[in-house]
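Participant: The structure's right below; bear with me while I get my questions together.
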Amino acid sequence: MTATPRTPDADVHPMFLDRWSPRAFRPEPLTDAQLASLFEAMRWAPSSYNEQPWMVVYGHGPGTDDHKRVLGCLVPFNQSWAHSAPLVMILFGRRRFAASGKANRHAGFDCGSAWMSLALQARVLGLYAHAMAGFDEAKAYTELGVPEPDFEAMAAIAVGAPGDPESLPDSLRAREGASARVPAASFLHRGRFSPAG
């Protein structure tokens, strides 16, 4: 698999550089143990008041009814490559705290921690995870039977073992590699926000 070398500006665990979002996946289904491990990692992600507001609807195994149903919620561009990923899912966040019924404005933040837990555990297992904003939210509710008043559709995710970039459409093959990042100084402000310029 093609990967752009990443060089950190400070000492950081290699797992952060090793995690990236490929589009080429092998279609072989994951094992039950791999699935359980990925979802267990999500389970232990931190959350406000320990509410664990994330909820996942997934499809496993290309060609299965559940895989086709979840895949069908993606925009056509993402379907063009994600169809090979053996595990596809939509991540939802519960809109209200279960304990109080009040709006949970932290649910998106907490769902992000659950996603990152899944992504890093995928690498531990020799797999990759690719999160996507490109999916049809309305379709995710109707096709997957999720009540929109209770849950917010956050992201689509594809997971699998790395595949051959040659299997990708021509337009994507050249882009198959780990991306760089802006320097930390571009988002850090000590004590008070100070806009550049």
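We name chains A, B, ... following the order of the structure tokens; residues begin at 1 in each chain, and ligands are numbered from 1 as shown.
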Mind checking which residues fall within 10 Å of region 50-56 of chain A, counting only C-alpha atoms, ignoring those fewer than 6 positions away in the same chain, and posting them as a VMD selection string?
Facilitator: chain A and resid 39 42 to 44 88 to 99 104 106 to 115 146 151 to 157
Participant: Taking 4 positions as the minimum chain separation for residues in the same chain, which residues sit within 10 Å of Gly72 (chain A) when counting only C-alpha atoms? Answer as a PDB file with all heavy atoms, in the first residue's frame.
Facilitator:
```pdb
ATOM      1  N   ASP A  66     -27.097  -6.416   4.683  1.00  0.00           N
ATOM      2  CA  ASP A  66     -26.823  -5.309   5.604  1.00  0.00           C
ATOM      3  C   ASP A  66     -25.696  -4.421   5.080  1.00  0.00           C
ATOM      4  O   ASP A  66     -25.751  -3.192   5.197  1.00  0.00           O
ATOM      5  CB  ASP A  66     -26.545  -5.803   7.038  1.00  0.00           C
ATOM      6  CG  ASP A  66     -25.450  -6.859   7.146  1.00  0.00           C
ATOM      7  OD1 ASP A  66     -24.484  -6.816   6.373  1.00  0.00           O
ATOM      8  OD2 ASP A  66     -25.567  -7.727   8.029  1.00  0.00           O
ATOM      9  N   HIS A  67     -24.685  -5.006   4.442  1.00  0.00           N
ATOM     10  CA  HIS A  67     -23.595  -4.223   3.861  1.00  0.00           C
ATOM     11  C   HIS A  67     -24.131  -3.334   2.739  1.00  0.00           C
ATOM     12  O   HIS A  67     -23.812  -2.138   2.672  1.00  0.00           O
ATOM     13  CB  HIS A  67     -22.512  -5.171   3.331  1.00  0.00           C
ATOM     14  CG  HIS A  67     -21.239  -4.496   2.936  1.00  0.00           C
ATOM     15  ND1 HIS A  67     -21.056  -3.916   1.703  1.00  0.00           N
ATOM     16  CD2 HIS A  67     -20.071  -4.311   3.625  1.00  0.00           C
ATOM     17  CE1 HIS A  67     -19.837  -3.414   1.639  1.00  0.00           C
ATOM     18  NE2 HIS A  67     -19.210  -3.636   2.788  1.00  0.00           N
ATOM     19  N   LYS A  68     -24.961  -3.895   1.874  1.00  0.00           N
ATOM     20  CA  LYS A  68     -25.520  -3.111   0.761  1.00  0.00           C
ATOM     21  C   LYS A  68     -26.408  -1.981   1.279  1.00  0.00           C
ATOM     22  O   LYS A  68     -26.422  -0.886   0.711  1.00  0.00           O
ATOM     23  CB  LYS A  68     -26.308  -4.026  -0.183  1.00  0.00           C
ATOM     24  CG  LYS A  68     -25.422  -4.929  -1.019  1.00  0.00           C
ATOM     25  CD  LYS A  68     -26.185  -5.648  -2.116  1.00  0.00           C
ATOM     26  CE  LYS A  68     -27.012  -6.793  -1.580  1.00  0.00           C
ATOM     27  NZ  LYS A  68     -27.583  -7.632  -2.664  1.00  0.00           N
ATOM     28  N   PRO A  76     -22.372   8.563  -4.065  1.00  0.00           N
ATOM     29  CA  PRO A  76     -21.789   7.689  -5.099  1.00  0.00           C
ATOM     30  C   PRO A  76     -20.266   7.679  -5.129  1.00  0.00           C
ATOM     31  O   PRO A  76     -19.655   6.634  -5.348  1.00  0.00           O
ATOM     32  CB  PRO A  76     -22.379   8.253  -6.397  1.00  0.00           C
ATOM     33  CG  PRO A  76     -23.704   8.814  -5.974  1.00  0.00           C
ATOM     34  CD  PRO A  76     -23.457   9.398  -4.609  1.00  0.00           C
ATOM     35  N   ASN A  78     -18.140   7.930  -2.678  1.00  0.00           N
ATOM     36  CA  ASN A  78     -17.630   7.041  -1.628  1.00  0.00           C
ATOM     37  C   ASN A  78     -18.027   5.584  -1.871  1.00  0.00           C
ATOM     38  O   ASN A  78     -17.271   4.674  -1.529  1.00  0.00           O
ATOM     39  CB  ASN A  78     -18.081   7.517  -0.251  1.00  0.00           C
ATOM     40  CG  ASN A  78     -17.302   8.734   0.205  1.00  0.00           C
ATOM     41  OD1 ASN A  78     -16.155   8.941  -0.181  1.00  0.00           O
ATOM     42  ND2 ASN A  78     -17.931   9.569   1.018  1.00  0.00           N
ATOM     43  N   GLN A  79     -19.177   5.367  -2.470  1.00  0.00           N
ATOM     44  CA  GLN A  79     -19.561   4.000  -2.822  1.00  0.00           C
ATOM     45  C   GLN A  79     -18.570   3.383  -3.806  1.00  0.00           C
ATOM     46  O   GLN A  79     -18.338   2.172  -3.786  1.00  0.00           O
ATOM     47  CB  GLN A  79     -20.964   3.971  -3.432  1.00  0.00           C
ATOM     48  CG  GLN A  79     -22.081   4.210  -2.441  1.00  0.00           C
ATOM     49  CD  GLN A  79     -23.451   4.067  -3.079  1.00  0.00           C
ATOM     50  OE1 GLN A  79     -23.653   3.211  -3.928  1.00  0.00           O
ATOM     51  NE2 GLN A  79     -24.379   4.902  -2.665  1.00  0.00           N
ATOM     52  N   HIS A  83     -17.170   0.067  -1.417  1.00  0.00           N
ATOM     53  CA  HIS A  83     -17.865  -1.204  -1.637  1.00  0.00           C
ATOM     54  C   HIS A  83     -16.960  -2.403  -1.347  1.00  0.00           C
ATOM     55  O   HIS A  83     -17.445  -3.494  -1.036  1.00  0.00           O
ATOM     56  CB  HIS A  83     -18.409  -1.286  -3.073  1.00  0.00           C
ATOM     57  CG  HIS A  83     -17.319  -1.355  -4.107  1.00  0.00           C
ATOM     58  ND1 HIS A  83     -16.781  -2.546  -4.543  1.00  0.00           N
ATOM     59  CD2 HIS A  83     -16.675  -0.374  -4.782  1.00  0.00           C
ATOM     60  CE1 HIS A  83     -15.838  -2.302  -5.443  1.00  0.00           C
ATOM     61  NE2 HIS A  83     -15.753  -0.994  -5.608  1.00  0.00           N
ATOM     62  N   PHE A 135     -22.163  11.181   3.017  1.00  0.00           N
ATOM     63  CA  PHE A 135     -23.259  10.216   3.033  1.00  0.00           C
ATOM     64  C   PHE A 135     -24.570  10.982   3.109  1.00  0.00           C
ATOM     65  O   PHE A 135     -24.608  12.162   3.458  1.00  0.00           O
ATOM     66  CB  PHE A 135     -23.114   9.229   4.212  1.00  0.00           C
ATOM     67  CG  PHE A 135     -23.303   9.840   5.574  1.00  0.00           C
ATOM     68  CD1 PHE A 135     -24.508   9.710   6.249  1.00  0.00           C
ATOM     69  CD2 PHE A 135     -22.282  10.535   6.192  1.00  0.00           C
ATOM     70  CE1 PHE A 135     -24.694  10.280   7.501  1.00  0.00           C
ATOM     71  CE2 PHE A 135     -22.445  11.098   7.449  1.00  0.00           C
ATOM     72  CZ  PHE A 135     -23.657  10.970   8.108  1.00  0.00           C
ATOM     73  N   ASP A 136     -25.656  10.320   2.759  1.00  0.00           N
ATOM     74  CA  ASP A 136     -26.977  10.930   2.720  1.00  0.00           C
ATOM     75  C   ASP A 136     -27.624  10.760   4.098  1.00  0.00           C
ATOM     76  O   ASP A 136     -28.054   9.666   4.458  1.00  0.00           O
ATOM     77  CB  ASP A 136     -27.809  10.238   1.636  1.00  0.00           C
ATOM     78  CG  ASP A 136     -29.166  10.880   1.415  1.00  0.00           C
ATOM     79  OD1 ASP A 136     -29.768  11.362   2.391  1.00  0.00           O
ATOM     80  OD2 ASP A 136     -29.637  10.872   0.268  1.00  0.00           O
ATOM     81  N   LYS A 139     -31.272   9.519   4.154  1.00  0.00           N
ATOM     82  CA  LYS A 139     -31.339   8.106   3.819  1.00  0.00           C
ATOM     83  C   LYS A 139     -30.854   7.240   4.978  1.00  0.00           C
ATOM     84  O   LYS A 139     -31.383   6.145   5.217  1.00  0.00           O
ATOM     85  CB  LYS A 139     -30.480   7.843   2.574  1.00  0.00           C
ATOM     86  CG  LYS A 139     -30.831   6.596   1.816  1.00  0.00           C
ATOM     87  CD  LYS A 139     -30.087   6.580   0.488  1.00  0.00           C
ATOM     88  CE  LYS A 139     -30.573   5.429  -0.365  1.00  0.00           C
ATOM     89  NZ  LYS A 139     -29.856   5.373  -1.653  1.00  0.00           N
ATOM     90  N   ALA A 140     -29.859   7.726   5.711  1.00  0.00           N
ATOM     91  CA  ALA A 140     -29.353   6.971   6.848  1.00  0.00           C
ATOM     92  C   ALA A 140     -30.449   6.744   7.884  1.00  0.00           C
ATOM     93  O   ALA A 140     -30.546   5.663   8.474  1.00  0.00           O
ATOM     94  CB  ALA A 140     -28.163   7.691   7.474  1.00  0.00           C
ATOM     95  N   GLU A 143     -33.422   4.411   5.772  1.00  0.00           N
ATOM     96  CA  GLU A 143     -32.996   3.079   5.365  1.00  0.00           C
ATOM     97  C   GLU A 143     -32.519   2.215   6.530  1.00  0.00           C
ATOM     98  O   GLU A 143     -32.658   1.000   6.509  1.00  0.00           O
ATOM     99  CB  GLU A 143     -31.868   3.178   4.318  1.00  0.00           C
ATOM    100  CG  GLU A 143     -32.310   3.751   2.983  1.00  0.00           C
ATOM    101  CD  GLU A 143     -33.365   2.907   2.307  1.00  0.00           C
ATOM    102  OE1 GLU A 143     -33.161   1.680   2.187  1.00  0.00           O
ATOM    103  OE2 GLU A 143     -34.398   3.473   1.910  1.00  0.00           O
TER     104      GLU A 143
END
```
Participant: Just asking: which residues within region 40-197 of chain A are alpha helix (DSSP H) according to DSSP, as a ChimeraX atom specification?
Facilitator: /A:40-43,65-71,76-82,107-124,137-144,170-173
Participant: Kindly give the distance, in Å, that separates CA of Ala103 (chain A) and CA of Tyr49 (chain A), rounded to a single decimal.
Facilitator: 12.9 Å
Participant: Please compute the CA of Met116 (chain A)-CA of Pro22 (chain A) distance, one decimal, in Å.
Facilitator: 15.2 Å
Participant: Considering only strand (DSSP E) as DSSP defines it on the backbone, what residues of region 35-190 of chain A qualify? List them as a VMD selection string.
Facilitator: chain A and resid 54 to 60 87 to 94 128 to 132 151 to 160
Participant: Include N, CA and C atoms and write out the residues we just selected as a compact mmCIF listing (two decimals), in the first residue's frame.
Facilitator:
```
# COMPACT_ATOMS: atom_id res chain seq x y z
N TRP A 54 -22.69 7.35 21.57
CA TRP A 54 -22.54 6.84 20.21
C TRP A 54 -23.41 5.60 19.99
N MET A 55 -23.84 5.46 18.76
CA MET A 55 -24.62 4.30 18.33
C MET A 55 -24.21 4.01 16.89
N VAL A 56 -24.03 2.76 16.55
CA VAL A 56 -23.53 2.37 15.23
C VAL A 56 -24.51 1.40 14.57
N VAL A 57 -24.81 1.64 13.30
CA VAL A 57 -25.48 0.65 12.46
C VAL A 57 -24.45 0.22 11.43
N TYR A 58 -24.19 -1.08 11.36
CA TYR A 58 -23.11 -1.55 10.49
C TYR A 58 -23.58 -2.67 9.56
N GLY A 59 -22.81 -2.80 8.50
CA GLY A 59 -22.98 -3.91 7.57
C GLY A 59 -21.65 -4.60 7.41
N HIS A 60 -21.67 -5.93 7.39
CA HIS A 60 -20.41 -6.67 7.34
C HIS A 60 -20.46 -7.71 6.22
N LEU A 87 -16.31 -3.94 6.23
CA LEU A 87 -17.14 -3.38 7.30
C LEU A 87 -17.45 -1.92 6.97
N VAL A 88 -18.73 -1.61 6.87
CA VAL A 88 -19.16 -0.23 6.67
C VAL A 88 -20.19 0.09 7.75
N MET A 89 -20.18 1.33 8.19
CA MET A 89 -21.09 1.69 9.28
C MET A 89 -21.44 3.17 9.22
N ILE A 90 -22.53 3.50 9.88
CA ILE A 90 -22.88 4.90 10.13
C ILE A 90 -22.85 5.10 11.64
N LEU A 91 -22.14 6.14 12.06
CA LEU A 91 -22.02 6.49 13.47
C LEU A 91 -23.03 7.58 13.79
N PHE A 92 -23.86 7.32 14.77
CA PHE A 92 -24.86 8.27 15.23
C PHE A 92 -24.54 8.71 16.65
N GLY A 93 -25.02 9.90 17.01
CA GLY A 93 -24.88 10.38 18.37
C GLY A 93 -26.25 10.65 18.97
N ARG A 94 -26.46 10.19 20.19
CA ARG A 94 -27.74 10.43 20.88
C ARG A 94 -27.85 11.91 21.22
N TYR A 128 -7.33 -0.82 8.65
CA TYR A 128 -7.43 0.62 8.54
C TYR A 128 -8.90 1.02 8.61
N ALA A 129 -9.15 2.24 9.09
CA ALA A 129 -10.50 2.79 9.13
C ALA A 129 -10.50 4.13 8.41
N HIS A 130 -11.54 4.38 7.66
CA HIS A 130 -11.66 5.62 6.89
C HIS A 130 -13.03 6.22 7.20
N ALA A 131 -13.04 7.38 7.86
CA ALA A 131 -14.29 8.07 8.18
C ALA A 131 -14.67 8.99 7.03
N MET A 132 -15.97 9.15 6.82
CA MET A 132 -16.48 9.93 5.69
C MET A 132 -17.60 10.87 6.11
N PHE A 151 -31.44 10.73 17.43
CA PHE A 151 -30.04 10.54 17.06
C PHE A 151 -29.64 11.47 15.93
N GLU A 152 -28.40 11.92 15.97
CA GLU A 152 -27.82 12.71 14.89
C GLU A 152 -26.83 11.86 14.11
N ALA A 153 -26.99 11.79 12.80
CA ALA A 153 -26.06 11.04 11.95
C ALA A 153 -24.76 11.82 11.85
N MET A 154 -23.67 11.22 12.31
CA MET A 154 -22.40 11.93 12.43
C MET A 154 -21.43 11.65 11.30
N ALA A 155 -21.22 10.38 10.97
CA ALA A 155 -20.19 10.03 9.99
C ALA A 155 -20.42 8.61 9.50
N ALA A 156 -19.92 8.35 8.32
CA ALA A 156 -19.85 6.99 7.80
C ALA A 156 -18.41 6.52 7.97
N ILE A 157 -18.22 5.21 8.13
CA ILE A 157 -16.88 4.66 8.37
C ILE A 157 -16.74 3.36 7.59
N ALA A 158 -15.60 3.18 6.95
CA ALA A 158 -15.25 1.92 6.29
C ALA A 158 -14.02 1.35 6.96
N VAL A 159 -14.01 0.04 7.18
CA VAL A 159 -12.89 -0.62 7.87
C VAL A 159 -12.53 -1.89 7.12
N GLY A 160 -11.23 -2.17 7.03
CA GLY A 160 -10.80 -3.42 6.42
C GLY A 160 -9.29 -3.51 6.34
```
Participant: Which is closer to Lys102 (chain A) than all the others in A:Phe193, A:Leu127, A:Asp150, A:Ser80, using only C-alpha atoms?
Facilitator: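 Of A:Phe193, A:Leu127, A:Asp150, A:Ser80, the one nearest Lys102 (chain A), counting only C-alpha atoms, is A:Asp150.
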Participant: Sort by chain and increasing residue number a table of all residues of region 32-145 of chain A within 12 Å of region 2-16 of chain A, each with its closest pair of atoms and their distance in Å to one decimal, counting only C-alpha atoms, and write it as JSON lines.
Facilitator:
```
{"residue": "A:Met116", "atom": "CA", "partner": "A:Phe16", "partner_atom": "CA", "distance": 10.3}
{"residue": "A:Ser117", "atom": "CA", "partner": "A:Phe16", "partner_atom": "CA", "distance": 11.6}
{"residue": "A:Ala119", "atom": "CA", "partner": "A:Phe16", "partner_atom": "CA", "distance": 10.2}
{"residue": "A:Leu120", "atom": "CA", "partner": "A:Met15", "partner_atom": "CA", "distance": 7.2}
{"residue": "A:Gln121", "atom": "CA", "partner": "A:Met15", "partner_atom": "CA", "distance": 9.8}
{"residue": "A:Ala122", "atom": "CA", "partner": "A:Met15", "partner_atom": "CA", "distance": 10.8}
{"residue": "A:Arg123", "atom": "CA", "partner": "A:Met15", "partner_atom": "CA", "distance": 7.8}
{"residue": "A:Val124", "atom": "CA", "partner": "A:Met15", "partner_atom": "CA", "distance": 8.6}
{"residue": "A:Gly126", "atom": "CA", "partner": "A:Met15", "partner_atom": "CA", "distance": 11.6}
{"residue": "A:Tyr128", "atom": "CA", "partner": "A:Met15", "partner_atom": "CA", "distance": 11.9}
```
Participant: Write the residues you've just listed into a file as an mmCIF file, in the first residue's frame, and include N, CA and C atoms for each of them.
Facilitator:
```cif
data_model
loop_
_atom_site.group_PDB
_atom_site.id
_atom_site.type_symbol
_atom_site.label_atom_id
_atom_site.label_comp_id
_atom_site.auth_asym_id
_atom_site.auth_seq_id
_atom_site.Cartn_x
_atom_site.Cartn_y
_atom_site.Cartn_z
ATOM 1 N N MET A 116 -12.071 7.667 17.096
ATOM 2 C CA MET A 116 -10.618 7.568 17.161
ATOM 3 C C MET A 116 -10.196 6.274 17.853
ATOM 4 N N SER A 117 -10.954 5.853 18.850
ATOM 5 C CA SER A 117 -10.658 4.583 19.509
ATOM 6 C C SER A 117 -10.756 3.435 18.513
ATOM 7 N N ALA A 119 -10.458 3.680 15.226
ATOM 8 C CA ALA A 119 -9.420 3.840 14.206
ATOM 9 C C ALA A 119 -8.072 3.338 14.699
ATOM 10 N N LEU A 120 -7.733 3.633 15.940
ATOM 11 C CA LEU A 120 -6.451 3.185 16.470
ATOM 12 C C LEU A 120 -6.458 1.685 16.730
ATOM 13 N N GLN A 121 -7.579 1.145 17.199
ATOM 14 C CA GLN A 121 -7.658 -0.297 17.393
ATOM 15 C C GLN A 121 -7.578 -1.034 16.054
ATOM 16 N N ALA A 122 -8.124 -0.427 15.020
ATOM 17 C CA ALA A 122 -8.010 -1.026 13.689
ATOM 18 C C ALA A 122 -6.540 -1.212 13.321
ATOM 19 N N ARG A 123 -5.715 -0.213 13.597
ATOM 20 C CA ARG A 123 -4.290 -0.329 13.265
ATOM 21 C C ARG A 123 -3.611 -1.405 14.103
ATOM 22 N N VAL A 124 -4.006 -1.530 15.368
ATOM 23 C CA VAL A 124 -3.452 -2.593 16.215
ATOM 24 C C VAL A 124 -3.719 -3.953 15.578
ATOM 25 N N GLY A 126 -3.978 -4.529 12.400
ATOM 26 C CA GLY A 126 -3.485 -4.581 11.025
ATOM 27 C C GLY A 126 -4.508 -4.128 10.009
ATOM 28 N N TYR A 128 -7.325 -0.820 8.654
ATOM 29 C CA TYR A 128 -7.428 0.624 8.541
ATOM 30 C C TYR A 128 -8.904 1.017 8.609
#
```
Participant: Residues of region 68-182 of chain A within 7 Å of region 26-38 of chain A: nearest atom pair and distance (Å, one decimal) for each, counting only C-alpha atoms, sorted by chain and number, as JSON lines?
Facilitator:
```
{"residue": "A:Ser84", "atom": "CA", "partner": "A:Pro27", "partner_atom": "CA", "distance": 4.8}
{"residue": "A:Ala85", "atom": "CA", "partner": "A:Pro27", "partner_atom": "CA", "distance": 5.4}
{"residue": "A:Pro86", "atom": "CA", "partner": "A:Pro27", "partner_atom": "CA", "distance": 5.1}
{"residue": "A:Leu118", "atom": "CA", "partner": "A:Leu38", "partner_atom": "CA", "distance": 5.4}
{"residue": "A:Gln121", "atom": "CA", "partner": "A:Leu38", "partner_atom": "CA", "distance": 6.0}
{"residue": "A:Ala122", "atom": "CA", "partner": "A:Leu38", "partner_atom": "CA", "distance": 6.5}
{"residue": "A:Gly160", "atom": "CA", "partner": "A:Arg26", "partner_atom": "CA", "distance": 6.6}
{"residue": "A:Ala161", "atom": "CA", "partner": "A:Arg26", "partner_atom": "CA", "distance": 5.6}
{"residue": "A:Pro162", "atom": "CA", "partner": "A:Arg26", "partner_atom": "CA", "distance": 5.9}
{"residue": "A:Gly163", "atom": "CA", "partner": "A:Arg26", "partner_atom": "CA", "distance": 4.5}
```
Participant: Go ahead and save the residues from that selection, with N, CA and C atoms, as an mmCIF file, in the first residue's frame.
Facilitator:
```
data_model
loop_
_atom_site.group_PDB
_atom_site.id
_atom_site.type_symbol
_atom_site.label_atom_id
_atom_site.label_comp_id
_atom_site.auth_asym_id
_atom_site.auth_seq_id
_atom_site.Cartn_x
_atom_site.Cartn_y
_atom_site.Cartn_z
ATOM 1 N N SER A 84 -15.636 -2.195 -1.410
ATOM 2 C CA SER A 84 -14.708 -3.293 -1.143
ATOM 3 C C SER A 84 -14.400 -3.463 0.342
ATOM 4 N N ALA A 85 -14.665 -2.453 1.136
ATOM 5 C CA ALA A 85 -14.377 -2.565 2.571
ATOM 6 C C ALA A 85 -15.347 -3.564 3.192
ATOM 7 N N PRO A 86 -14.848 -4.543 3.944
ATOM 8 C CA PRO A 86 -15.747 -5.554 4.488
ATOM 9 C C PRO A 86 -16.691 -5.041 5.572
ATOM 10 N N LEU A 118 -11.795 3.446 17.696
ATOM 11 C CA LEU A 118 -11.966 2.423 16.666
ATOM 12 C C LEU A 118 -10.820 2.475 15.658
ATOM 13 N N GLN A 121 -7.579 1.145 17.199
ATOM 14 C CA GLN A 121 -7.658 -0.297 17.393
ATOM 15 C C GLN A 121 -7.578 -1.034 16.054
ATOM 16 N N ALA A 122 -8.124 -0.427 15.020
ATOM 17 C CA ALA A 122 -8.010 -1.026 13.689
ATOM 18 C C ALA A 122 -6.540 -1.212 13.321
ATOM 19 N N GLY A 160 -11.231 -2.166 7.028
ATOM 20 C CA GLY A 160 -10.797 -3.415 6.423
ATOM 21 C C GLY A 160 -9.290 -3.507 6.339
ATOM 22 N N ALA A 161 -8.829 -4.619 5.822
ATOM 23 C CA ALA A 161 -7.397 -4.807 5.585
ATOM 24 C C ALA A 161 -7.006 -4.021 4.340
ATOM 25 N N PRO A 162 -5.763 -3.525 4.302
ATOM 26 C CA PRO A 162 -5.350 -2.734 3.147
ATOM 27 C C PRO A 162 -5.376 -3.544 1.856
ATOM 28 N N GLY A 163 -5.835 -2.899 0.795
ATOM 29 C CA GLY A 163 -5.931 -3.540 -0.507
ATOM 30 C C GLY A 163 -4.927 -2.961 -1.489
#
```
